[in-house]
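Participant: For reference, this is query.csv, and it has CSV, C-alpha atoms and all ligand atoms.
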chain,number,residue,atom,x,y,z
N,359,MET,CA,104.1,30.9,40.5
N,360,LYS,CA,102.2,28.6,42.8
N,361,ASN,CA,99.2,30.5,44.2
N,362,LYS,CA,100.7,32.4,47.2
N,363,VAL,CA,98.4,33.8,49.8
N,364,ALA,CA,99.5,36.2,52.4
N,365,LEU,CA,97.7,37.4,55.6
N,366,ILE,CA,98.9,40.6,57.1
N,367,THR,CA,97.8,41.8,60.5
N,368,GLY,CA,98.0,45.6,60.9
N,369,VAL,CA,97.6,45.9,57.2
N,370,ASN,CA,96.6,49.6,57.3
N,371,GLY,CA,99.7,50.6,59.2
N,372,GLN,CA,102.9,52.0,57.7
N,373,ASP,CA,104.6,48.6,57.2
N,374,GLY,CA,101.4,46.6,56.5
N,375,SER,CA,100.4,48.9,53.6
N,376,TYR,CA,103.9,48.8,52.0
N,377,LEU,CA,104.1,45.1,52.4
N,378,ALA,CA,100.6,44.6,50.9
N,379,GLU,CA,101.6,46.6,47.9
N,380,LEU,CA,104.9,44.6,47.5
N,381,LEU,CA,103.1,41.3,47.7
N,382,LEU,CA,100.4,42.3,45.3
N,383,ARG,CA,103.0,43.3,42.8
N,384,LYS,CA,104.6,39.9,43.3
N,385,GLY,CA,101.2,38.3,42.4
N,386,TYR,CA,100.1,37.3,45.8
N,387,VAL,CA,96.5,37.2,47.0
N,388,VAL,CA,96.6,39.4,50.1
N,389,HIS,CA,94.3,39.3,53.1
N,390,GLY,CA,94.6,42.0,55.6
N,391,ILE,CA,93.2,42.3,59.2
N,392,ARG,CA,92.1,45.6,60.6
N,393,ARG,CA,90.6,46.4,63.9
N,394,TYR,CA,87.2,48.1,63.9
N,395,SER,CA,87.2,51.7,65.0
N,396,SER,CA,84.9,54.5,64.0
N,397,THR,CA,87.8,56.6,62.8
N,398,ASN,CA,90.0,53.7,61.5
N,399,SER,CA,91.8,55.1,58.5
N,400,LEU,CA,92.4,53.3,55.3
N,401,VAL,CA,94.5,56.2,54.0
N,402,ASN,CA,97.7,54.1,53.7
N,403,LEU,CA,95.8,51.6,51.5
N,404,LYS,CA,94.6,54.1,49.0
N,405,GLU,CA,97.2,53.0,46.3
N,406,ILE,CA,95.8,49.5,46.6
N,407,ILE,CA,92.1,50.5,46.7
N,408,LYS,CA,92.4,52.7,43.6
N,409,LYS,CA,94.3,50.2,41.4
N,410,LYS,CA,91.7,47.7,40.1
N,411,LYS,CA,94.4,45.1,39.4
N,412,PHE,CA,95.4,45.1,43.0
N,413,SER,CA,92.0,45.6,44.7
N,414,LYS,CA,90.7,42.4,43.0
N,415,LYS,CA,93.3,40.4,44.9
N,416,PHE,CA,93.1,42.3,48.1
N,417,HIS,CA,90.7,41.3,50.9
N,418,LEU,CA,90.1,43.2,54.1
N,419,HIS,CA,88.7,41.6,57.2
N,420,TYR,CA,87.7,43.0,60.5
N,421,GLY,CA,89.5,41.2,63.3
N,422,ASP,CA,91.7,41.7,66.3
N,423,ILE,CA,94.8,39.8,67.3
N,424,THR,CA,93.7,39.8,70.9
N,425,ASP,CA,90.6,37.8,69.8
N,426,THR,CA,91.3,34.1,69.2
N,427,ASP,CA,88.1,33.4,67.4
N,428,SER,CA,88.5,36.1,64.8
N,429,ILE,CA,92.1,35.1,64.1
N,430,TYR,CA,91.0,31.4,63.8
N,431,GLN,CA,88.1,32.2,61.5
N,432,ILE,CA,90.2,34.5,59.2
N,433,ILE,CA,93.1,32.0,58.9
N,434,LYS,CA,90.7,29.1,58.3
N,435,LYS,CA,88.9,30.9,55.6
N,436,SER,CA,91.7,32.8,53.8
N,437,LYS,CA,94.1,29.8,53.9
N,438,PRO,CA,97.3,31.8,53.8
N,439,THR,CA,100.7,30.3,52.9
N,440,GLU,CA,102.4,33.2,54.8
N,441,VAL,CA,101.3,35.2,57.8
N,442,TYR,CA,102.9,38.5,58.7
N,443,ASN,CA,102.2,39.7,62.2
N,444,LEU,CA,102.6,43.5,62.0
N,445,ALA,CA,99.8,44.5,64.3
N,446,ALA,CA,100.9,46.2,67.5
N,447,GLN,CA,100.5,48.8,70.1
N,448,SER,CA,103.7,50.2,68.6
N,449,HIS,CA,104.2,53.3,70.7
N,450,VAL,CA,106.9,52.9,73.3
N,451,HIS,CA,105.9,55.9,75.4
N,452,VAL,CA,102.2,54.9,75.4
N,453,SER,CA,103.2,51.4,76.6
N,454,PHE,CA,104.0,52.9,80.0
N,455,GLN,CA,100.4,54.2,80.2
N,456,ILE,CA,98.7,51.0,79.0
N,457,PRO,CA,101.2,48.3,79.9
N,458,GLU,CA,98.8,45.4,80.4
N,459,TYR,CA,97.0,46.1,77.1
N,460,THR,CA,100.4,46.4,75.4
N,461,SER,CA,101.6,43.0,76.7
N,462,GLN,CA,98.4,41.4,75.4
N,463,VAL,CA,98.7,42.9,71.9
N,464,ASP,CA,102.5,42.8,71.5
N,465,GLY,CA,103.3,39.7,73.4
N,466,VAL,CA,100.5,37.2,74.0
N,467,SER,CA,98.9,37.8,70.6
N,468,GLN,CA,101.9,36.4,68.8
N,469,LEU,CA,101.4,33.2,70.9
N,470,ARG,CA,97.8,33.2,69.8
N,471,ILE,CA,98.7,33.4,66.2
N,472,LEU,CA,101.3,30.6,66.6
N,473,GLU,CA,98.7,28.4,68.3
N,474,VAL,CA,96.1,29.0,65.7
N,475,VAL,CA,98.5,28.3,62.9
N,476,LYS,CA,99.8,25.1,64.6
N,477,GLU,CA,96.2,23.9,64.9
N,478,ILE,CA,95.1,24.8,61.3
N,479,ASP,CA,98.2,24.2,59.3
N,480,PRO,CA,101.7,24.2,60.9
N,481,LYS,CA,103.3,24.5,57.4
N,482,ILE,CA,102.1,28.2,57.1
N,483,LYS,CA,105.2,30.4,57.3
N,484,ILE,CA,105.1,33.2,59.9
N,485,TYR,CA,106.9,36.6,60.1
N,486,GLN,CA,107.0,38.2,63.6
N,487,ALA,CA,107.8,41.9,63.9
N,488,ALA,CA,110.5,42.0,66.5
N,489,THR,CA,112.3,45.3,67.1
N,490,SER,CA,115.6,47.0,68.0
N,491,GLU,CA,113.8,48.1,71.2
N,492,LEU,CA,114.7,44.6,72.5
N,493,TYR,CA,118.3,45.8,73.0
N,494,GLY,CA,117.0,48.6,75.1
N,495,ASP,CA,119.6,50.4,77.3
N,496,THR,CA,122.8,49.0,75.8
N,497,LYS,CA,126.4,49.9,75.9
N,498,LEU,CA,127.2,48.0,72.7
N,499,LYS,CA,128.2,50.1,69.7
N,500,PHE,CA,126.8,47.8,67.0
N,501,LEU,CA,123.9,45.5,67.6
N,502,ASP,CA,123.4,42.2,65.7
N,503,GLU,CA,121.7,38.9,66.1
N,504,THR,CA,124.2,37.8,68.8
N,505,SER,CA,123.9,40.9,71.0
N,506,GLY,CA,122.2,40.6,74.4
N,507,PHE,CA,118.8,42.2,75.1
N,508,ASN,CA,118.0,44.7,77.8
N,509,PRO,CA,114.5,45.9,77.3
N,510,VAL,CA,113.4,48.9,79.4
N,511,SER,CA,109.7,49.5,78.5
N,512,PRO,CA,106.5,47.5,78.7
N,513,TYR,CA,106.5,47.6,74.9
N,514,SER,CA,109.9,46.0,74.6
N,515,VAL,CA,109.3,43.4,77.3
N,516,SER,CA,106.1,42.4,75.5
N,517,LYS,CA,108.0,42.2,72.2
N,518,LEU,CA,110.6,40.1,74.0
N,519,PHE,CA,107.9,37.5,74.8
N,520,GLY,CA,106.8,37.5,71.1
N,521,PHE,CA,110.4,37.0,70.0
N,522,TYR,CA,111.2,34.1,72.3
N,523,ILE,CA,107.9,32.4,72.0
N,524,SER,CA,108.4,32.4,68.2
N,525,LYS,CA,111.8,30.7,68.7
N,526,VAL,CA,110.3,28.2,71.0
N,527,TYR,CA,107.6,27.2,68.5
N,528,ARG,CA,110.2,27.1,65.7
N,529,SER,CA,112.3,24.6,67.6
N,530,ALA,CA,109.6,22.6,69.4
N,531,TYR,CA,107.2,22.2,66.5
N,532,ASN,CA,109.5,22.7,63.6
N,533,MET,CA,107.4,25.6,62.3
N,534,PHE,CA,108.8,28.2,59.8
N,535,ILE,CA,108.9,31.4,61.9
N,536,CYS,CA,111.2,34.3,61.4
N,537,ASN,CA,111.8,37.3,63.8
N,538,GLY,CA,112.7,40.5,61.9
N,539,ILE,CA,114.6,42.7,64.4
N,540,LEU,CA,113.9,45.9,62.5
N,541,PHE,CA,115.5,49.1,63.7
N,542,ASN,CA,113.5,52.3,63.4
N,543,HIS,CA,112.0,52.7,59.9
N,544,GLU,CA,110.2,55.7,58.8
N,545,SER,CA,108.2,57.1,55.9
N,546,PRO,CA,105.4,59.5,55.0
N,547,ARG,CA,103.0,56.8,56.2
N,548,ARG,CA,104.4,57.0,59.8
N,549,GLY,CA,101.9,58.1,62.4
N,550,LYS,CA,102.4,61.7,63.7
N,551,SER,CA,103.0,60.5,67.2
N,552,PHE,CA,106.4,59.1,66.2
N,553,VAL,CA,109.2,61.6,66.3
N,554,THR,CA,110.3,61.7,62.7
N,555,ARG,CA,106.8,62.3,61.2
N,556,LYS,CA,106.1,64.7,64.1
N,557,ILE,CA,109.1,66.7,63.1
N,558,THR,CA,108.6,66.7,59.4
N,559,SER,CA,104.9,67.7,59.6
N,560,SER,CA,105.6,70.4,62.2
N,561,VAL,CA,108.5,71.8,60.2
N,562,VAL,CA,106.3,72.1,57.1
N,563,ASP,CA,103.6,73.8,59.1
N,564,ILE,CA,106.1,76.2,60.6
N,565,VAL,CA,107.5,77.1,57.2
N,566,ASN,CA,104.0,77.6,55.9
N,567,GLY,CA,103.5,80.2,58.6
N,568,SER,CA,101.5,78.3,61.3
N,569,GLY,CA,103.3,80.2,64.0
N,570,GLU,CA,103.7,77.0,66.1
N,571,ILE,CA,106.7,75.9,68.0
N,572,LEU,CA,107.9,72.3,67.7
N,573,LYS,CA,107.7,70.9,71.3
N,574,ILE,CA,110.0,68.0,71.7
N,575,GLY,CA,111.3,65.5,74.3
N,576,ASN,CA,114.8,64.1,74.4
N,577,LEU,CA,116.8,65.8,71.7
N,578,ASN,CA,119.9,63.6,72.2
N,579,ALA,CA,118.3,60.2,71.7
N,580,LYS,CA,120.0,58.5,68.8
N,581,ARG,CA,118.4,56.1,66.4
N,582,ASP,CA,119.3,54.1,63.3
N,583,TRP,CA,116.7,55.4,60.9
N,584,GLY,CA,115.9,53.6,57.7
N,585,TYR,CA,113.2,53.8,55.0
N,586,ALA,CA,110.1,51.6,55.8
N,587,LYS,CA,109.4,50.9,52.1
N,588,GLU,CA,112.8,49.2,51.8
N,589,TYR,CA,112.5,47.4,55.1
N,590,VAL,CA,109.3,45.5,54.2
N,591,VAL,CA,111.2,43.7,51.4
N,592,THR,CA,113.2,41.9,54.0
N,593,MET,CA,110.1,40.5,55.7
N,594,TRP,CA,109.2,38.8,52.5
N,595,LYS,CA,112.8,37.7,51.8
N,596,MET,CA,113.0,36.1,55.2
N,597,LEU,CA,110.1,33.9,54.5
N,598,GLN,CA,111.6,32.8,51.1
N,599,GLN,CA,114.7,31.2,52.6
N,600,LYS,CA,115.2,27.5,53.0
N,601,LYS,CA,115.4,27.8,56.8
N,602,PRO,CA,113.7,30.1,59.2
N,603,ASP,CA,115.9,32.4,61.1
N,604,ASP,CA,116.1,35.8,62.8
N,605,TYR,CA,117.6,38.9,61.2
N,606,VAL,CA,118.7,42.4,62.1
N,607,ILE,CA,117.6,45.0,59.6
N,608,SER,CA,119.2,48.4,59.9
N,609,THR,CA,121.3,51.0,58.1
N,610,GLY,CA,124.4,50.9,60.4
N,611,LYS,CA,124.3,54.7,60.9
N,612,GLN,CA,122.9,56.6,63.7
N,613,TYR,CA,121.6,60.2,64.1
N,614,SER,CA,120.1,62.1,67.0
N,615,VAL,CA,116.6,63.6,67.2
N,616,ARG,CA,118.4,67.0,67.2
N,617,GLN,CA,120.0,66.1,63.8
N,618,PHE,CA,116.7,65.1,62.4
N,619,ILE,CA,115.3,68.5,63.3
N,620,GLU,CA,118.3,70.3,61.9
N,621,GLU,CA,118.1,68.4,58.6
N,622,SER,CA,114.4,69.0,58.3
N,623,PHE,CA,114.7,72.8,58.6
N,624,ASN,CA,117.8,72.6,56.5
N,625,TYR,CA,115.6,71.5,53.6
N,626,PHE,CA,114.2,75.0,53.6
N,627,GLY,CA,117.5,76.7,54.1
N,628,ILE,CA,116.8,77.4,57.7
N,629,LYS,CA,119.8,76.9,60.0
N,630,ILE,CA,118.9,76.0,63.6
N,631,LEU,CA,121.1,77.2,66.4
N,632,TRP,CA,120.7,75.8,70.0
N,633,LYS,CA,120.9,77.8,73.2
N,634,GLY,CA,120.4,76.8,76.9
N,635,LYS,CA,120.5,73.5,78.7
N,636,GLY,CA,118.1,70.7,79.7
N,637,LEU,CA,114.5,71.8,79.9
N,638,ASN,CA,115.5,75.4,79.0
N,639,GLU,CA,117.2,74.5,75.7
N,640,ILE,CA,115.7,76.1,72.6
N,641,GLY,CA,116.3,75.9,68.9
N,642,TYR,CA,116.1,79.2,66.9
N,643,ASP,CA,116.4,80.3,63.4
N,644,LYS,CA,119.9,81.7,62.9
N,645,LYS,CA,118.7,84.4,60.5
N,646,THR,CA,115.4,85.6,62.1
N,647,LYS,CA,116.3,84.6,65.7
N,648,LYS,CA,112.8,83.3,66.0
N,649,ILE,CA,112.4,80.4,68.5
N,650,LEU,CA,111.2,77.3,66.6
N,651,VAL,CA,111.9,74.4,69.0
N,652,LYS,CA,111.3,74.0,72.7
N,653,ILE,CA,111.6,71.2,75.2
N,654,ASP,CA,108.4,69.7,76.6
N,655,PRO,CA,109.0,67.2,79.4
N,656,TYR,CA,105.6,65.6,78.5
N,657,TYR,CA,107.6,63.7,75.8
N,658,PHE,CA,110.2,62.3,78.2
N,659,ARG,CA,109.9,58.6,78.9
N,660,PRO,CA,110.1,57.0,82.4
N,661,ASN,CA,113.0,54.9,80.9
N,662,GLU,CA,114.8,56.0,77.7
N,663,VAL,CA,116.7,54.0,75.1
N,664,PRO,CA,119.4,56.5,74.4
N,665,ASN,CA,121.2,54.9,71.6
N,666,LEU,CA,120.7,52.2,68.9
N,667,LYS,CA,122.7,51.2,65.9
N,668,GLY,CA,122.4,48.0,64.0
N,669,ASN,CA,124.7,45.7,62.0
N,670,SER,CA,122.9,44.0,59.2
N,671,LYS,CA,125.8,41.9,57.8
N,672,LYS,CA,123.7,38.7,58.1
N,673,ALA,CA,120.8,40.2,56.1
N,674,LYS,CA,123.3,41.3,53.5
N,675,LYS,CA,124.9,37.9,53.2
N,676,VAL,CA,121.9,35.7,53.4
N,677,LEU,CA,119.0,37.8,52.1
N,678,GLY,CA,121.2,39.8,49.7
N,679,TRP,CA,119.6,43.0,51.2
N,680,SER,CA,121.2,46.3,52.0
N,681,PRO,CA,119.6,49.7,52.6
N,682,LYS,CA,119.7,52.3,49.8
N,683,THR,CA,118.1,55.4,51.3
N,684,ASP,CA,120.4,57.3,53.6
N,685,PHE,CA,119.4,59.7,56.4
N,686,LYS,CA,119.4,62.9,54.3
N,687,GLU,CA,117.4,61.2,51.6
N,688,LEU,CA,114.9,59.9,54.1
N,689,VAL,CA,114.3,63.3,55.5
N,690,LYS,CA,113.8,64.7,52.0
N,691,ILE,CA,111.3,62.0,51.1
N,692,MET,CA,109.3,62.7,54.3
N,693,ILE,CA,109.4,66.5,53.9
N,694,LYS,CA,108.4,66.3,50.2
N,695,ALA,CA,105.5,64.1,51.0
N,696,GLU,CA,104.4,66.6,53.6
N,697,LEU,CA,104.5,69.4,51.1
N,698,ASP,CA,102.5,67.4,48.6
N,699,LYS,CA,99.7,67.0,51.2
T,701,LIG,N1,107.5,60.0,69.8
T,701,LIG,C1,108.3,61.0,70.2
T,701,LIG,N2,107.9,62.3,70.4
T,701,LIG,N3,109.6,60.7,70.5
T,701,LIG,C2,110.4,61.7,70.9
T,701,LIG,C3,110.0,63.0,71.0
T,701,LIG,C4,108.6,63.3,70.8
T,701,LIG,O1,108.2,64.4,70.9
T,701,LIG,N4,111.0,63.8,71.4
T,701,LIG,C5,112.1,63.0,71.5
T,701,LIG,N5,111.7,61.7,71.2
T,701,LIG,C6,112.6,60.5,71.2
T,701,LIG,C7,112.1,59.3,72.0
T,701,LIG,O2,112.3,59.5,73.4
T,701,LIG,C8,113.0,58.2,71.4
T,701,LIG,O3,114.2,58.2,72.0
T,701,LIG,C9,113.2,58.7,70.0
T,701,LIG,O4,112.8,60.0,69.9
T,701,LIG,C10,112.3,57.9,68.9
T,701,LIG,O5,111.0,57.8,69.4
T,701,LIG,P1,109.8,57.3,68.5
T,701,LIG,O6,109.8,57.9,67.1
T,701,LIG,O7,108.6,57.3,69.3
T,701,LIG,O8,110.3,55.7,68.2
T,701,LIG,P2,110.9,54.6,69.1
T,701,LIG,O9,112.3,54.5,68.8
T,701,LIG,O10,110.5,54.8,70.5
T,701,LIG,O11,110.1,53.3,68.6
T,701,LIG,C11,109.8,53.1,67.2
T,701,LIG,O12,110.8,52.3,66.6
T,701,LIG,C12,110.9,50.9,67.2
T,701,LIG,C13,112.1,50.2,66.4
T,701,LIG,O13,111.7,50.0,65.1
T,701,LIG,C14,108.5,52.4,67.2
T,701,LIG,O14,108.0,52.3,65.9
T,701,LIG,C15,108.5,51.0,67.8
T,701,LIG,O15,107.3,50.4,67.6
T,701,LIG,C16,109.6,50.2,67.0
T,701,LIG,O16,109.7,48.9,67.6
For the structure just supplied, provide its representation as structure tokens.
Ligand code: GDD

Facilitator:
Amino acid sequence: MKNKVALITGVNGQDGSYLAELLLRKGYVVHGIRRYSSTNSLVNLKEIIKKKKFSKKFHLHYGDITDTDSIYQIIKKSKPTEVYNLAAQSHVHVSFQIPEYTSQVDGVSQLRILEVVKEIDPKIKIYQAATSELYGDTKLKFLDETSGFNPVSPYSVSKLFGFYISKVYRSAYNMFICNGILFNHESPRRGKSFVTRKITSSVVDIVNGSGEILKIGNLNAKRDWGYAKEYVVTMWKMLQQKKPDDYVISTGKQYSVRQFIEESFNYFGIKILWKGKGLNEIGYDKKTKKILVKIDPYYFRPNEVPNLKGNSKKAKKVLGWSPKTDFKELVKIMIKAELDK
């Protein structure tokens, strides 16, 4: 194989770490950018760091995608053939509290990377992490690459900029740029502020006798949840095609937050029954009658995306990719990992 060099922004996040492992297995030299923070965790990179074979070909750089100079220097020195832009302020709810910062990180920074690549070597291929949040509040049943966008958060509006500016640079400068419109993708490496990991970690704590109650927001939001480890494969596949394009990556099935909670307790043989309405709704253990779930309005968003379900026919046809892990299996993987901790 010709020497392939990848640069991953957000390398210590869920997707960045899985992608780095995948590329190292494929023989790439991998450079990763991480932001400095006194508590910045490398826990997702422990598989790489402990394997000598991998760590020899893996290079971490301090940098920030909001800082042109650091991006310029890292790209200039590491000479990547592929850049994966996965760094983000990725929390939709938080984006309402820090909208300007979110727009800088999730929108303008993609433009920054495009400009730097255009300047240094416009042949470098670029993957941009787009998102199903672009569809926002939609009435459409299945969402694919032709569906209209209706973003409803500072996060998704910023990502919309990233999406379109990537298309503009692709057509105007003939650059190889792909937008991956990934639907929700989860794993044990997900941060605990996202609903799936919050649920699985709380359920395990509750089962272990912590005495806590799971405090949750909108129980009825529906998402198309897939397994992150499988989804990062599509990022790589997109960049191996003859032509750059945009792809929806999803399972085509949707479940509610409520169902995610039920399935998580179900792993331990606990059946959750629901009582009450709105803010007063509670979930309790059918057998013991103990209250295990309560609504906390703190987790409601100023605008909600009620419902997302993707159609990945194009990814199947062109990339030869389809998801293997279904909803139940995903919950199982996440609960088991929580138990192992
Ligand atoms: N985080 C959170 N916490 N969400 C809750 C809670 C709670 O306590 N209770 C209910 N929800 C609902 C949210 O309102 C939302 O409808 C749904 O659960 C999923 O929320 P998140 O897990 O925070 O994910 P998201 O769908 O908003 O966004 C994630 O997926 C996108 C698509 O891939 C993020 O990873 C985005 O960065 C990503 O683009």

Participant: Near segment 413-421 of chain N, counting all atoms listed in the file, which residues have an atom at most 10 Å away, once you skip same-chain residues fewer than 4 positions from it, shown as a VMD selection string?

Facilitator: chain N and resid 363 to 370 378 to 379 382 385 to 395 403 to 409 425 to 432 436

Participant: Would you list the contacts of segment 537-544 of chain N as a PDB file with C-alpha atoms, in the coordinates of the input, taking every protein, DNA or RNA residue within 6 Å and counting only C-alpha atoms, but skipping same-chain residues closer than 3 positions in sequence?

Facilitator:
ATOM      1  CA  GLN N 486     107.000  38.200  63.600  1.00  0.00           C
ATOM      2  CA  ALA N 487     107.800  41.900  63.900  1.00  0.00           C
ATOM      3  CA  ALA N 488     110.500  42.000  66.500  1.00  0.00           C
ATOM      4  CA  THR N 489     112.300  45.300  67.100  1.00  0.00           C
ATOM      5  CA  SER N 490     115.600  47.000  68.000  1.00  0.00           C
ATOM      6  CA  TRP N 583     116.700  55.400  60.900  1.00  0.00           C
ATOM      7  CA  GLY N 584     115.900  53.600  57.700  1.00  0.00           C
ATOM      8  CA  TYR N 585     113.200  53.800  55.000  1.00  0.00           C
ATOM      9  CA  ALA N 586     110.100  51.600  55.800  1.00  0.00           C
ATOM     10  CA  ASP N 604     116.100  35.800  62.800  1.00  0.00           C
ATOM     11  CA  TYR N 605     117.600  38.900  61.200  1.00  0.00           C
ATOM     12  CA  VAL N 606     118.700  42.400  62.100  1.00  0.00           C
ATOM     13  CA  ILE N 607     117.600  45.000  59.600  1.00  0.00           C
ATOM     14  CA  SER N 608     119.200  48.400  59.900  1.00  0.00           C
TER      15      SER N 608
END

Participant: Could the residues that lie within 7 Å of ligand LIG 701 (chain T), counting all atoms listed in the file, be listed as a PyMOL selection string?

Facilitator: chain N and resi 448-451+489-491+540-543+551-554+556+573-577+579-581+615+657-659+662-664

Participant: Kindly export the residues of the current selection with C-alpha atoms, as an mmCIF file, in the frame of the given file.

Facilitator:
data_model
loop_
_atom_site.group_PDB
_atom_site.id
_atom_site.type_symbol
_atom_site.label_atom_id
_atom_site.label_comp_id
_atom_site.auth_asym_id
_atom_site.auth_seq_id
_atom_site.Cartn_x
_atom_site.Cartn_y
_atom_site.Cartn_z
ATOM 1 C CA SER N 448 103.700 50.200 68.600
ATOM 2 C CA HIS N 449 104.200 53.300 70.700
ATOM 3 C CA VAL N 450 106.900 52.900 73.300
ATOM 4 C CA HIS N 451 105.900 55.900 75.400
ATOM 5 C CA THR N 489 112.300 45.300 67.100
ATOM 6 C CA SER N 490 115.600 47.000 68.000
ATOM 7 C CA GLU N 491 113.800 48.100 71.200
ATOM 8 C CA LEU N 540 113.900 45.900 62.500
ATOM 9 C CA PHE N 541 115.500 49.100 63.700
ATOM 10 C CA ASN N 542 113.500 52.300 63.400
ATOM 11 C CA HIS N 543 112.000 52.700 59.900
ATOM 12 C CA SER N 551 103.000 60.500 67.200
ATOM 13 C CA PHE N 552 106.400 59.100 66.200
ATOM 14 C CA VAL N 553 109.200 61.600 66.300
ATOM 15 C CA THR N 554 110.300 61.700 62.700
ATOM 16 C CA LYS N 556 106.100 64.700 64.100
ATOM 17 C CA LYS N 573 107.700 70.900 71.300
ATOM 18 C CA ILE N 574 110.000 68.000 71.700
ATOM 19 C CA GLY N 575 111.300 65.500 74.300
ATOM 20 C CA ASN N 576 114.800 64.100 74.400
ATOM 21 C CA LEU N 577 116.800 65.800 71.700
ATOM 22 C CA ALA N 579 118.300 60.200 71.700
ATOM 23 C CA LYS N 580 120.000 58.500 68.800
ATOM 24 C CA ARG N 581 118.400 56.100 66.400
ATOM 25 C CA VAL N 615 116.600 63.600 67.200
ATOM 26 C CA TYR N 657 107.600 63.700 75.800
ATOM 27 C CA PHE N 658 110.200 62.300 78.200
ATOM 28 C CA ARG N 659 109.900 58.600 78.900
ATOM 29 C CA GLU N 662 114.800 56.000 77.700
ATOM 30 C CA VAL N 663 116.700 54.000 75.100
ATOM 31 C CA PRO N 664 119.400 56.500 74.400
#

Participant: State, in Å with one decimal place, the distance from atom CA of Leu377 of chain N to atom CA of Val591 of chain N.

Facilitator: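 Distance reported for this atom pair: 7.3 Å.
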
Participant: Which value, in Å to one decimal, gives the distance between atom CA of Pro438 of chain N and atom CA of Ile482 of chain N?

Facilitator: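 Atom-to-atom, atom CA of Pro438 of chain N and atom CA of Ile482 of chain N are spaced 6.8 Å apart.
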
Participant: Between N:Leu637, N:Leu597, N:Val689, N:Ile564, which is the closest to Phe618 of chain N once you count all atoms listed in the file?

Facilitator: N:Val689

Participant: Within 9 Å of Val510 of chain N, counting all atoms listed in the file, which residues qualify if same-chain residues fewer than 2 places away don't, as a PDB file with C-alpha atoms, in the coordinates of the input?

Facilitator:
ATOM      1  CA  GLU N 491     113.800  48.100  71.200  1.00  0.00           C
ATOM      2  CA  LEU N 492     114.700  44.600  72.500  1.00  0.00           C
ATOM      3  CA  TYR N 493     118.300  45.800  73.000  1.00  0.00           C
ATOM      4  CA  GLY N 494     117.000  48.600  75.100  1.00  0.00           C
ATOM      5  CA  ASP N 495     119.600  50.400  77.300  1.00  0.00           C
ATOM      6  CA  ASN N 508     118.000  44.700  77.800  1.00  0.00           C
ATOM      7  CA  PRO N 512     106.500  47.500  78.700  1.00  0.00           C
ATOM      8  CA  TYR N 513     106.500  47.600  74.900  1.00  0.00           C
ATOM      9  CA  SER N 514     109.900  46.000  74.600  1.00  0.00           C
ATOM     10  CA  VAL N 515     109.300  43.400  77.300  1.00  0.00           C
ATOM     11  CA  ASN N 661     113.000  54.900  80.900  1.00  0.00           C
ATOM     12  CA  GLU N 662     114.800  56.000  77.700  1.00  0.00           C
ATOM     13  CA  VAL N 663     116.700  54.000  75.100  1.00  0.00           C
TER      14      VAL N 663
END

Participant: So how many Å separate atom CA of Ile484 of chain N and atom CA of Glu440 of chain N, to one decimal?

Facilitator: 5.8 Å

Participant: Can you tell me which residues surround Arg470 of chain N at a distance of at most 12 Å, considering all atoms listed in the file, apart from same-chain residues fewer than 5 positions away, and format the answer as a PyMOL selection string?

Facilitator: chain N and resi 422-430+433+443+462-465+475-477+520+523-524+527

Participant: Please determine, counting only C-alpha atoms, which residue among N:Leu631, N:Ser516, N:Asp502, N:Asp373 has the shortest atom-to-atom distance to Val590 of chain N.

Facilitator: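 Comparing N:Leu631, N:Ser516, N:Asp502, N:Asp373 against Val590 of chain N, the winner is N:Asp373.
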
Participant: Could you give me, as a tab-separated table (two decimals) with C-alpha atoms, keeping the file's coordinate frame, the residues within 7 Å of Ile640 of chain N, counting only C-alpha atoms and dropping anything in the same chain fewer than 3 positions from it?

Facilitator:
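Output (part-v5.tsv):
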chain	number	residue	atom	x	y	z
N	632	TRP	CA	120.70	75.80	70.00
N	633	LYS	CA	120.90	77.80	73.20
N	634	GLY	CA	120.40	76.80	76.90
N	649	ILE	CA	112.40	80.40	68.50
N	651	VAL	CA	111.90	74.40	69.00
N	652	LYS	CA	111.30	74.00	72.70
N	653	ILE	CA	111.60	71.20	75.20

Participant: For a quick check of understanding, using only C-alpha atoms, which of N:Thr609, N:Thr592, N:Ser559, N:Ser614 has the smallest distance to Asp698 of chain N?

Facilitator: N:Ser559

Participant: Tell me which of N:Tyr459, N:Tyr589, N:Tyr625, N:Tyr485 sits closest to Gln372 of chain N, counting only C-alpha atoms.

Facilitator: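 Once distances to Gln372 of chain N are computed over only C-alpha atoms, the minimum belongs to N:Tyr589.
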
Participant: Select, from N:Glu621, N:Glu473, N:Asp603, N:Glu503, the residue with the minimum atom-to-atom distance to Glu687 of chain N, counting all atoms listed in the file.

Facilitator: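 So, comparing all the options, the nearest one is N:Glu621.
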